[in-house]
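Everything below concerns the one structure shown next.
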Amino acid sequence: RPAPPGAPTVLLYAHHDVQPVGDRSLWETDPFTPTERHGRLYGRGTADDKAGVMVHVAALRAFGDALPVGVVVFLEGEEEFGSESLERLLVEHRDRVAADVIVIADSSNWDMGVPALTTSLRGIVNLFVEVGTLASAVHSGIFGGPVPDALTALCRLLATLHDDAGDVAVPGLARRPAAPLDYPLDRFRAEAGLLEGVRLIGTGPVVERLWTRPALSVLGIDAPPTSGAPNALVPSATAKLSLRTAPGQDPGQAFRAVEAHLLARAPWGARVRVTLEQTGASCALVADRPAHDAARAAFRTAWDGAEPVDIGVGGSIPFIATFQEMFPEAAILVTGVEDPYAKAHSPNE
C-alpha cells in the first residue's frame, strides 16, 4: 500500500515455516493443532514465527483502510533453513520492498511482561567433522586395545573444543561485551530447563555467554545405534557441530579457525576431514532512530507501562545483514512475541 504524501513506508517481515516436530511423544497436545492452556497457545510455530505473521495481520486490521504509513508485507517460508531465496527476491523486487522502516517480528522479549528490542544476534557456522581410523570394521576382541576405534577418537577430538570451565577453546574466535543486564542464575536455569545438579559452563556474565561470545555445540553424531551394535571397532564416525559466533565475527574466518583447531588435534594420527554446511552473518544494530522511540512508546502502552529494554539474542537471523546492506538508510526494528518460556524449536512450543 503506497504511503500517504510525506509519510514513511514500513516493511513488515515474518516467516510461516517451522522446525520439524521431532518426537511426538514429547508433545502434550498435537503440534499442528493450536491449543490454549493456561492462557498460552501451544503448537509448532505458535511462537516461531506464525505469531509474527499474526502480529502484522492484527496491526493491519486495526488500521483498516486508514493506514497512516506505506506498508510492504514480506512473508517467507524458508527462514528455518537459511532463507536461500530471500536475497534474490529482494534484488528482483527492490523497488516494491524499499522501506524507511523494517520491522522484523522474529525475536523475543526479555521476560514475561518486559518487552524488548533486539540489538544484536550471533552468527552461525554449521559444519561436519569426520574421523577415520580403519579401512573397515574389525573384531573388537581380536584388534581392540592397540587399534583406536573412530568413535573414541571422535570423542577425544570433540573434547578439545572446550576448556575445563566449559569456555570455547578454539583460537581466533571473537568475543564482545554485552549489554549490562542482570540475568539471575535461578531464572536462567528454570528457563533453560537445566536438570538439578547440572552446572552451567563457561565463565563471565551469563548475557555475554549467551549473546556476544562463541558457543560450540555437538548437534548429532553418525555412528551405529546402541541397539544391535556389533562387537566391532567402528572405522569412521561423523559429528555435526554448530558454532554461534560473536556479533561482528566473519563467519568464513570462524569456520577456518574451527577447521584448523580440529585438524591440528587429530588423536592418534586419525584422519580428520572438516566440511562446511552453512554460514550466516551476525548482526549489530543501533536502536536510536525515531522509529525505535515510537516502538518503545507502543511497548509501554501495550505492556501497561512496563519499561522496554534492549537485548541481545544468542540465535541467528542472517538475512538481517542482507536488509542492512540493501537498505542502509532504513531503521531496522527486531522484536517479536516470544519470551524465555516459549520453547521455540522444542516440544510443546
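Labeling convention for the C-alpha cells: chains A, B, ... as they appear, residues from 1 per chain, ligands from 1 in order of appearance.
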
Exercise for the section: Could you tell me, as a PyMOL selection string, which residues of stretch 42-231 of chain A DSSP assigns to alpha helix (DSSP H) when given the backbone? Expected result: chain A and resi 50-63+86-92+94-97+140-143+150-158+185-192+206-211

Give me, as CSV, the closest atom pair and its distance (Å, one decimal) for every residue of stretch 8-88 of chain A within a cut-off of 7 Å of stretch 103-125 of chain A, counting only C-alpha atoms, rows sorted by chain and rising number.
```
residue,atom,partner,partner_atom,distance
A:Leu11,CA,A:Val103,CA,6.1
A:Leu12,CA,A:Val103,CA,5.1
A:Tyr13,CA,A:Ile104,CA,4.9
A:Ala14,CA,A:Ala105,CA,5.5
A:Asp48,CA,A:Asp106,CA,6.7
A:Asp49,CA,A:Asp106,CA,6.1
A:Gly52,CA,A:Ala105,CA,4.9
```

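Here the question is which of A:Phe255, A:Trp268, A:Phe63, A:Phe143 gets nearest to A:Leu173 using only C-alpha atoms, and that residue is A:Phe255.
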
Problem - Backbone DSSP call of strand (DSSP E) for stretch 27-255 of chain A, listed as a ChimeraX atom specification - result: /A:35-37,40-42,70-76,101-105,116-121,123-132,138-139,215-222,232-233,236-245

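The gap separating atom CA of A:Asp23 from atom CA of A:Gly336 is 26.5 Å, in Å to one decimal.
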
Practice task
List the neighbours of stretch 153-161 of chain A out to 12 Å using only C-alpha atoms; skip same-chain residues closer than 2 positions along the sequence, and give me the result as a ChimeraX atom specification.
Solution key: /A:128-134,147-151,163-171,173,214-223,233-243,257-273

Handout entry: For atom CA of A:Glu208 and atom CA of A:Ala178, the interatomic separation in Å (one decimal)
Key =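 Between atom CA of A:Glu208 and atom CA of A:Ala178 the gap is 5.2 Å.
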
Handout entry: Residue neighbourhood A:Lys50, 12 Å, only C-alpha atoms, exclusion window fewer than 4 positions, as number ranges by chain
Key = A: 13-19, 32, 34, 41-46, 54-57, 75-77, 79, 105-107, 336-338, 344, 349

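Atom CA of A:Glu36 sits 28.9 Å away from atom CA of A:Glu196.
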